[in-house]
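As stored in target_8.csv (CSV, C-alpha atoms):
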chain,number,residue,atom,x,y,z
A,130,MET,CA,-22.4,-66.8,-14.2
A,131,VAL,CA,-25.0,-65.4,-16.5
A,132,HIS,CA,-23.0,-65.9,-19.8
A,133,ARG,CA,-22.4,-62.2,-20.5
A,134,THR,CA,-19.0,-60.7,-21.3
A,135,SER,CA,-19.9,-57.1,-20.6
A,136,THR,CA,-20.7,-56.3,-16.9
A,137,ALA,CA,-23.2,-53.7,-18.2
A,138,GLU,CA,-25.3,-56.5,-19.5
A,139,VAL,CA,-25.6,-58.2,-16.1
A,140,LEU,CA,-29.1,-57.4,-15.0
A,141,LEU,CA,-29.2,-59.4,-11.7
A,142,ASP,CA,-28.1,-57.7,-8.5
A,143,ASP,CA,-28.8,-60.5,-6.0
A,144,VAL,CA,-30.3,-64.0,-5.9
A,145,ARG,CA,-31.1,-65.9,-2.7
A,146,PRO,CA,-33.1,-69.0,-1.7
A,147,ARG,CA,-36.6,-68.2,-0.6
A,148,GLY,CA,-38.9,-71.0,0.7
A,149,THR,CA,-39.0,-73.7,-1.9
A,150,GLY,CA,-37.7,-71.3,-4.6
A,151,PHE,CA,-35.7,-68.2,-5.0
A,152,GLU,CA,-35.9,-64.4,-4.9
A,153,ALA,CA,-33.8,-62.1,-7.0
A,154,ALA,CA,-33.3,-58.4,-7.3
A,155,ALA,CA,-32.7,-57.0,-10.8
A,156,SER,CA,-32.1,-53.6,-12.3
A,157,TRP,CA,-33.4,-52.5,-15.7
A,158,PRO,CA,-31.4,-49.4,-16.8
A,159,ARG,CA,-32.7,-46.7,-19.2
A,160,SER,CA,-29.3,-46.9,-20.7
A,161,HIS,CA,-29.8,-50.5,-21.9
A,162,PRO,CA,-29.6,-51.0,-25.7
A,163,THR,CA,-33.2,-52.2,-25.8
A,164,PHE,CA,-34.7,-49.1,-24.2
A,165,PRO,CA,-36.6,-47.0,-26.7
A,166,HIS,CA,-35.0,-43.7,-27.8
A,167,ASP,CA,-38.2,-42.1,-29.0
A,168,GLY,CA,-39.2,-40.6,-25.6
A,169,GLY,CA,-41.1,-43.7,-24.5
A,170,SER,CA,-41.1,-44.7,-20.9
A,171,LEU,CA,-41.6,-48.5,-21.1
A,172,HIS,CA,-38.9,-51.1,-21.1
A,173,SER,CA,-38.7,-53.5,-24.0
A,174,PRO,CA,-40.2,-56.9,-23.4
A,175,LEU,CA,-36.7,-58.2,-24.4
A,176,VAL,CA,-35.2,-57.0,-21.1
A,177,LEU,CA,-37.8,-59.1,-19.2
A,178,VAL,CA,-36.9,-62.2,-21.2
A,179,GLU,CA,-33.2,-61.5,-20.8
A,180,THR,CA,-33.7,-61.4,-17.0
A,181,LEU,CA,-35.4,-64.8,-17.2
A,182,ARG,CA,-32.5,-66.1,-19.3
A,183,GLN,CA,-29.9,-64.9,-16.8
A,184,LEU,CA,-31.9,-66.5,-13.9
A,185,GLY,CA,-32.0,-69.7,-15.9
A,186,ILE,CA,-28.2,-69.8,-16.0
A,187,TYR,CA,-27.3,-68.4,-12.5
A,188,ILE,CA,-29.6,-70.6,-10.5
A,189,PRO,CA,-28.5,-74.0,-11.8
A,190,LEU,CA,-24.8,-73.0,-11.6
A,191,SER,CA,-25.1,-71.6,-8.1
A,192,TYR,CA,-27.7,-73.9,-6.4
A,193,PHE,CA,-27.9,-77.2,-8.4
A,194,ARG,CA,-24.2,-78.1,-8.5
A,195,VAL,CA,-24.1,-77.7,-12.3
A,196,SER,CA,-20.6,-77.4,-13.7
A,197,PRO,CA,-19.6,-74.0,-15.1
A,198,ALA,CA,-18.4,-76.0,-18.2
A,199,SER,CA,-21.9,-77.2,-18.9
A,200,HIS,CA,-24.0,-76.0,-21.8
A,201,LEU,CA,-27.4,-74.6,-20.9
A,202,VAL,CA,-29.8,-74.9,-23.8
A,203,VAL,CA,-33.2,-73.2,-23.7
A,204,THR,CA,-35.9,-75.5,-25.0
A,205,ASP,CA,-38.9,-73.1,-24.7
A,206,LEU,CA,-39.9,-69.8,-23.0
A,207,TYR,CA,-42.9,-67.7,-22.5
A,208,PHE,CA,-43.7,-64.2,-21.1
A,209,ASP,CA,-46.9,-62.3,-20.2
A,210,ILE,CA,-46.9,-58.6,-19.3
A,211,ASP,CA,-49.9,-56.8,-17.8
A,212,PRO,CA,-49.9,-53.4,-19.6
A,213,ALA,CA,-52.0,-51.9,-16.9
A,214,THR,CA,-49.5,-52.5,-14.2
A,215,GLU,CA,-46.1,-52.7,-15.9
A,216,PRO,CA,-43.6,-50.1,-14.6
A,217,GLN,CA,-42.8,-46.8,-16.2
A,218,ALA,CA,-39.1,-46.2,-16.3
A,219,ASP,CA,-38.0,-43.5,-13.8
A,220,TYR,CA,-34.7,-41.7,-13.7
A,221,GLY,CA,-31.8,-44.1,-13.9
A,222,GLY,CA,-33.8,-47.3,-14.2
A,223,THR,CA,-36.3,-49.7,-12.6
A,224,ASP,CA,-35.8,-51.9,-9.6
A,225,ILE,CA,-37.4,-55.3,-10.2
A,226,THR,CA,-38.1,-58.2,-7.7
A,227,CYS,CA,-38.2,-61.7,-9.2
A,228,ARG,CA,-39.9,-64.6,-7.3
A,229,ILE,CA,-38.8,-67.8,-8.9
A,230,GLY,CA,-40.2,-71.3,-8.6
A,231,VAL,CA,-38.6,-74.4,-10.0
A,232,PRO,CA,-41.6,-76.6,-10.8
A,233,ALA,CA,-39.6,-79.4,-12.4
A,234,VAL,CA,-36.1,-80.8,-12.2
A,235,ARG,CA,-34.8,-83.7,-14.3
A,236,ARG,CA,-31.9,-85.8,-13.1
A,237,SER,CA,-29.8,-88.5,-14.6
A,238,SER,CA,-29.4,-92.0,-12.9
A,239,SER,CA,-26.4,-90.6,-11.1
A,240,GLY,CA,-28.4,-87.7,-9.7
A,241,ALA,CA,-26.9,-85.0,-11.9
A,242,VAL,CA,-29.3,-82.3,-13.0
A,243,THR,CA,-29.9,-82.6,-16.7
A,244,GLY,CA,-32.9,-80.2,-17.1
A,245,LEU,CA,-35.2,-77.9,-15.2
A,246,ARG,CA,-38.0,-75.5,-15.6
A,247,LEU,CA,-38.4,-72.0,-14.0
A,248,ALA,CA,-41.6,-70.0,-13.4
A,249,VAL,CA,-41.0,-66.3,-12.5
A,250,ASP,CA,-43.2,-63.5,-11.1
A,251,PHE,CA,-41.9,-60.0,-11.8
A,252,LEU,CA,-42.8,-57.3,-9.3
A,253,THR,CA,-42.4,-53.6,-8.7
A,254,ALA,CA,-43.5,-52.0,-5.4
A,255,GLY,CA,-44.7,-55.4,-4.2
A,256,SER,CA,-47.1,-56.0,-7.1
A,257,VAL,CA,-46.8,-58.6,-9.9
A,258,PHE,CA,-46.8,-57.0,-13.3
A,259,ALA,CA,-45.5,-59.9,-15.5
A,260,ARG,CA,-44.9,-63.6,-15.5
A,261,ALA,CA,-42.4,-65.6,-17.5
A,262,GLY,CA,-40.8,-69.1,-17.5
A,263,GLY,CA,-39.4,-71.8,-19.6
A,264,GLY,CA,-37.3,-75.0,-19.7
A,265,MET,CA,-33.7,-75.9,-20.4
A,266,ARG,CA,-31.4,-78.8,-20.9
A,267,LEU,CA,-28.1,-79.0,-19.1
A,268,LEU,CA,-25.4,-80.8,-21.1
A,269,ASP,CA,-21.9,-81.5,-20.1
A,270,GLU,CA,-19.2,-81.0,-22.7
A,271,GLY,CA,-19.2,-84.6,-24.0
A,272,ARG,CA,-23.0,-84.7,-24.4
A,273,TYR,CA,-23.0,-81.3,-26.0
A,274,ALA,CA,-20.4,-82.3,-28.5
A,275,ALA,CA,-22.4,-85.4,-29.3
A,276,VAL,CA,-25.5,-83.4,-29.9
A,277,ARG,CA,-23.9,-80.7,-32.0
A,278,GLY,CA,-21.6,-83.0,-34.0
A,279,SER,CA,-17.9,-82.8,-34.7
A,280,GLY,CA,-18.1,-80.2,-37.5
A,281,ILE,CA,-19.6,-77.5,-35.3
A,282,ARG,CA,-17.3,-74.7,-34.1
A,283,VAL,CA,-17.7,-71.2,-32.6
A,284,ALA,CA,-18.7,-69.1,-35.5
A,285,ASP,CA,-17.5,-65.6,-36.3
A,286,ARG,CA,-21.2,-64.7,-36.2
A,287,PHE,CA,-22.3,-63.0,-39.4
A,288,ALA,CA,-19.7,-62.3,-42.1
A,289,ASP,CA,-20.7,-59.0,-43.7
A,290,VAL,CA,-20.7,-56.3,-41.1
A,291,GLY,CA,-23.3,-53.6,-42.0
A,292,ALA,CA,-24.0,-54.9,-45.5
A,293,ALA,CA,-27.1,-56.8,-46.4
A,294,PRO,CA,-26.4,-60.0,-48.3
A,295,GLU,CA,-27.0,-59.8,-52.0
A,296,GLY,CA,-30.6,-59.4,-53.0
A,297,LEU,CA,-31.8,-58.4,-49.5
A,298,ILE,CA,-33.4,-55.0,-48.7
A,299,ARG,CA,-33.2,-53.6,-45.1
A,300,PRO,CA,-36.4,-52.3,-43.5
A,301,GLU,CA,-36.2,-48.8,-42.1
A,302,PRO,CA,-35.7,-48.8,-38.3
A,303,ALA,CA,-39.0,-46.9,-37.9
A,304,GLN,CA,-40.8,-49.8,-39.5
A,305,LEU,CA,-39.5,-52.1,-36.8
A,306,ALA,CA,-39.8,-49.7,-33.8
A,307,VAL,CA,-36.0,-49.9,-33.2
A,308,ALA,CA,-33.7,-47.1,-32.3
A,309,GLY,CA,-31.4,-47.2,-35.2
A,310,PRO,CA,-30.0,-49.2,-38.2
A,311,ARG,CA,-27.6,-51.3,-36.0
A,312,ASP,CA,-30.7,-52.8,-34.2
A,313,VAL,CA,-32.1,-54.3,-37.4
A,314,LEU,CA,-31.9,-58.1,-37.5
A,315,ILE,CA,-33.7,-58.9,-40.7
A,316,GLY,CA,-33.6,-58.3,-44.4
A,317,LEU,CA,-36.3,-58.7,-47.0
A,318,ARG,CA,-36.1,-60.8,-50.2
A,319,GLY,CA,-39.3,-59.9,-51.9
A,320,GLU,CA,-41.9,-60.4,-49.1
A,321,ALA,CA,-39.8,-63.0,-47.3
A,322,ALA,CA,-38.0,-62.1,-44.1
A,323,VAL,CA,-34.5,-63.4,-43.6
A,324,LEU,CA,-32.3,-63.3,-40.5
A,325,ALA,CA,-29.5,-60.9,-41.4
A,326,PRO,CA,-28.3,-58.7,-38.6
A,327,VAL,CA,-26.8,-55.3,-39.5
A,328,ASP,CA,-24.3,-55.5,-36.6
A,329,PRO,CA,-22.9,-58.9,-35.7
A,330,ARG,CA,-21.2,-57.3,-32.7
A,331,HIS,CA,-24.3,-55.7,-31.3
A,332,PRO,CA,-23.6,-55.1,-27.5
A,333,PHE,CA,-26.9,-56.9,-26.5
A,334,PHE,CA,-27.6,-59.5,-29.2
A,335,PHE,CA,-24.0,-60.6,-29.7
A,336,ASP,CA,-22.3,-60.0,-26.4
A,337,HIS,CA,-20.1,-63.1,-26.9
A,338,ALA,CA,-19.2,-65.6,-29.5
A,339,SER,CA,-21.5,-68.6,-30.0
A,340,ASP,CA,-21.7,-71.7,-32.2
A,341,HIS,CA,-25.4,-71.0,-33.0
A,342,VAL,CA,-27.8,-68.1,-33.3
A,343,PRO,CA,-28.9,-67.0,-29.7
A,344,GLY,CA,-32.5,-67.4,-28.7
A,345,MET,CA,-32.8,-63.7,-27.9
A,346,VAL,CA,-31.8,-62.9,-31.5
A,347,LEU,CA,-34.5,-65.3,-32.8
A,348,LEU,CA,-37.2,-63.8,-30.6
A,349,GLU,CA,-36.4,-60.2,-31.7
A,350,ALA,CA,-36.0,-61.2,-35.4
A,351,ALA,CA,-39.5,-62.8,-35.2
A,352,ARG,CA,-40.8,-59.6,-33.6
A,353,GLN,CA,-39.3,-57.5,-36.4
A,354,ALA,CA,-40.7,-59.8,-39.1
A,355,ALA,CA,-44.1,-59.6,-37.5
A,356,ALA,CA,-43.9,-55.8,-37.6
A,357,VAL,CA,-43.2,-56.0,-41.4
A,358,ALA,CA,-45.9,-58.7,-42.0
A,359,SER,CA,-48.5,-56.7,-40.2
A,360,GLY,CA,-47.7,-53.4,-42.0
A,361,GLY,CA,-46.4,-51.8,-38.8
A,362,VAL,CA,-49.5,-52.6,-36.8
A,363,LEU,CA,-48.0,-55.2,-34.5
A,364,LEU,CA,-44.9,-53.6,-32.9
A,365,ARG,CA,-44.6,-54.2,-29.1
A,366,PRO,CA,-45.8,-57.6,-27.9
A,367,THR,CA,-47.0,-58.0,-24.3
A,368,ALA,CA,-47.0,-61.8,-24.4
A,369,GLY,CA,-45.2,-64.5,-26.3
A,370,ARG,CA,-43.9,-68.0,-26.6
A,371,LEU,CA,-40.8,-69.5,-28.3
A,372,ASN,CA,-40.2,-73.2,-28.8
A,373,ALA,CA,-36.8,-74.2,-30.0
A,374,GLU,CA,-36.9,-77.6,-31.8
A,375,ARG,CA,-33.2,-77.6,-32.8
A,376,PHE,CA,-30.3,-75.2,-33.1
A,377,THR,CA,-30.5,-72.4,-35.6
A,378,GLU,CA,-27.1,-72.1,-37.4
A,379,PHE,CA,-25.5,-69.0,-38.7
A,380,ALA,CA,-25.6,-70.4,-42.3
A,381,PRO,CA,-27.5,-70.7,-44.4
A,382,PRO,CA,-29.6,-67.7,-43.5
A,383,ALA,CA,-32.8,-68.6,-41.6
A,384,ARG,CA,-36.1,-67.5,-43.0
A,385,LEU,CA,-38.9,-66.1,-40.8
A,386,VAL,CA,-42.4,-67.0,-41.7
A,387,CYS,CA,-45.1,-64.9,-40.0
A,388,LEU,CA,-48.9,-65.1,-40.0
A,389,PRO,CA,-50.6,-62.1,-38.4
A,390,HIS,CA,-54.1,-62.6,-37.1
A,391,HIS,CA,-55.9,-59.8,-35.3
A,392,ARG,CA,-53.7,-59.0,-32.3
A,393,THR,CA,-51.5,-62.1,-32.5
A,394,CYS,CA,-48.8,-63.3,-34.9
A,395,GLY,CA,-47.7,-66.8,-35.3
A,396,PHE,CA,-44.2,-67.4,-36.6
A,397,GLY,CA,-41.8,-70.1,-37.7
A,398,ILE,CA,-38.1,-70.1,-38.3
A,399,ARG,CA,-36.8,-72.3,-41.0
A,400,GLN,CA,-33.4,-73.2,-42.2
A,401,GLY,CA,-33.5,-74.9,-45.6
A,402,GLN,CA,-36.4,-77.3,-45.3
A,403,THR,CA,-36.1,-77.7,-41.5
A,404,ARG,CA,-38.1,-75.8,-39.0
A,405,THR,CA,-35.8,-74.8,-36.1
A,406,ALA,CA,-38.1,-72.8,-33.9
A,407,PHE,CA,-41.7,-71.6,-33.8
A,408,GLY,CA,-43.9,-69.5,-31.5
A,409,VAL,CA,-46.5,-66.8,-31.2
A,410,LEU,CA,-46.5,-63.1,-30.2
A,411,SER,CA,-49.6,-61.3,-28.7
A,412,TYR,CA,-50.3,-57.6,-28.6
A,413,THR,CA,-52.7,-55.4,-26.8
Let me see the structure of the file written as structure tokens.
Amino acid sequence: MVHRTSTAEVLLDDVRPRGTGFEAAASWPRSHPTFPHDGGSLHSPLVLVETLRQLGIYIPLSYFRVSPASHLVVTDLYFDIDPATEPQADYGGTDITCRIGVPAVRRSSSGAVTGLRLAVDFLTAGSVFARAGGGMRLLDEGRYAAVRGSGIRVADRFADVGAAPEGLIRPEPAQLAVAGPRDVLIGLRGEAAVLAPVDPRHPFFFDHASDHVPGMVLLEAARQAAAVASGGVLLRPTAGRLNAERFTEFAPPARLVCLPHHRTCGFGIRQGQTRTAFGVLSYT
């Protein structure tokens, strides 16, 4: 119901209707792969975005009569965290309350839901510490096949486990503020960053097979590329936006173009001559 194979990756505990929207309980464990291993006490922004992603799947399937066979495609997302009020992780994890609005629902002429937008407030101890939201398209199997084309199949992710493609140099994990080598998603060809995950079976980024590069992978790869482009200055974003213009395929390797400017970094993801996604990350 949230498109995760591992039960350990399911962050939602409960989701219920509330007024004109919904309310959800979530748990962010310290044992999650994104949690820092350097003694820090703050959860990665990725776990907030992943909670949004799971809500964006569970709510349409449970409350909008969307078929489980449908494909849910994220078109855009944003997040904004208040560093002054975000929770410090305590023993075991952090209990999160999500208050969810659905400001827009798009339907076909038959009344079937074909798209929607979510707007989520994230709370601890009754106080809002972050907001996030985004839009998605809901495609049945026939429509998805028409969009993707007949030649698309579920890929075996990235071919060379643990080995950088020829000519690529891996950044050190410390440069990217990640726990270890398996969390590195990019390689460098000269000064150019290329999407090249070390571990194509990473328990968070590649929990299940897909016929395209997942959005969470694109967002984290952009964050890592921004860390390199800024010389290690921009590491932990507190706000961001990602717009997906088209699917990013596993091949050829996508390039990440970053432009740091003060406490922000704009980025674009390109495959060949085509831009597949773009966005901006902001830092305090």
Separation of atom CA of A:Thr253 from atom CA of A:Glu215, in Å and rounded to one decimal: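 Answer for the atom CA of A:Thr253 to atom CA of A:Glu215 separation: 8.1 Å.
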Top pick for closest residue to A:His161, considering A:Pro197, A:Gly255, A:Gly222, A:Gly262 and counting all atoms listed in the file: A:Gly222
Atom CA of A:Glu374 to atom CA of A:Thr403, straight-line distance in Å: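 Taking atom CA of A:Thr403 and atom CA of A:Glu374, their separation equals 9.7 Å.
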Find the residues near stretch 180-191 of chain A: any atom within 7 Å, counting only C-alpha atoms, skip ones fewer than 2 places away on the same chain, and give them as a PDB file with C-alpha atoms, keeping the file's coordinate frame.
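What follows is the written file out05.pdb:
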ATOM      1  CA  MET A 130     -22.400 -66.800 -14.200  1.00  0.00           C
ATOM      2  CA  VAL A 131     -25.000 -65.400 -16.500  1.00  0.00           C
ATOM      3  CA  LEU A 140     -29.100 -57.400 -15.000  1.00  0.00           C
ATOM      4  CA  VAL A 176     -35.200 -57.000 -21.100  1.00  0.00           C
ATOM      5  CA  LEU A 177     -37.800 -59.100 -19.200  1.00  0.00           C
ATOM      6  CA  VAL A 178     -36.900 -62.200 -21.200  1.00  0.00           C
ATOM      7  CA  PHE A 193     -27.900 -77.200  -8.400  1.00  0.00           C
ATOM      8  CA  ARG A 194     -24.200 -78.100  -8.500  1.00  0.00           C
ATOM      9  CA  VAL A 195     -24.100 -77.700 -12.300  1.00  0.00           C
ATOM     10  CA  SER A 196     -20.600 -77.400 -13.700  1.00  0.00           C
ATOM     11  CA  PRO A 197     -19.600 -74.000 -15.100  1.00  0.00           C
ATOM     12  CA  LEU A 201     -27.400 -74.600 -20.900  1.00  0.00           C
ATOM     13  CA  GLY A 262     -40.800 -69.100 -17.500  1.00  0.00           C
TER      14      GLY A 262
END
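Going from atom CA of A:Ser199 to atom CA of A:Gly271 covers 9.4 Å.
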Spatial neighbours of A:Leu141, max dist 7 Å, all atoms listed in the file, sep filter under 3 positions, as an MDAnalysis selection string: chainID A and resid 154:156
A:Pro146 surroundings by all atoms listed in the file, 10 Å radius, close-in-sequence under 2 positions cut, as a PyMOL selection string: chain A and resi 144+148-153+188+192+228-229
Distance query stretch 384-386 of chain A at most 8 Å, all atoms listed in the file, self and fewer than 5 positions along chain excluded, as a PyMOL selection string: chain A and resi 321-324+350-351+354+396-400
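For the choices A:Leu317, A:Val409, A:Val346, A:Met265, the atom-to-atom distance to A:Asp205 is smallest for A:Met265 when using only C-alpha atoms.
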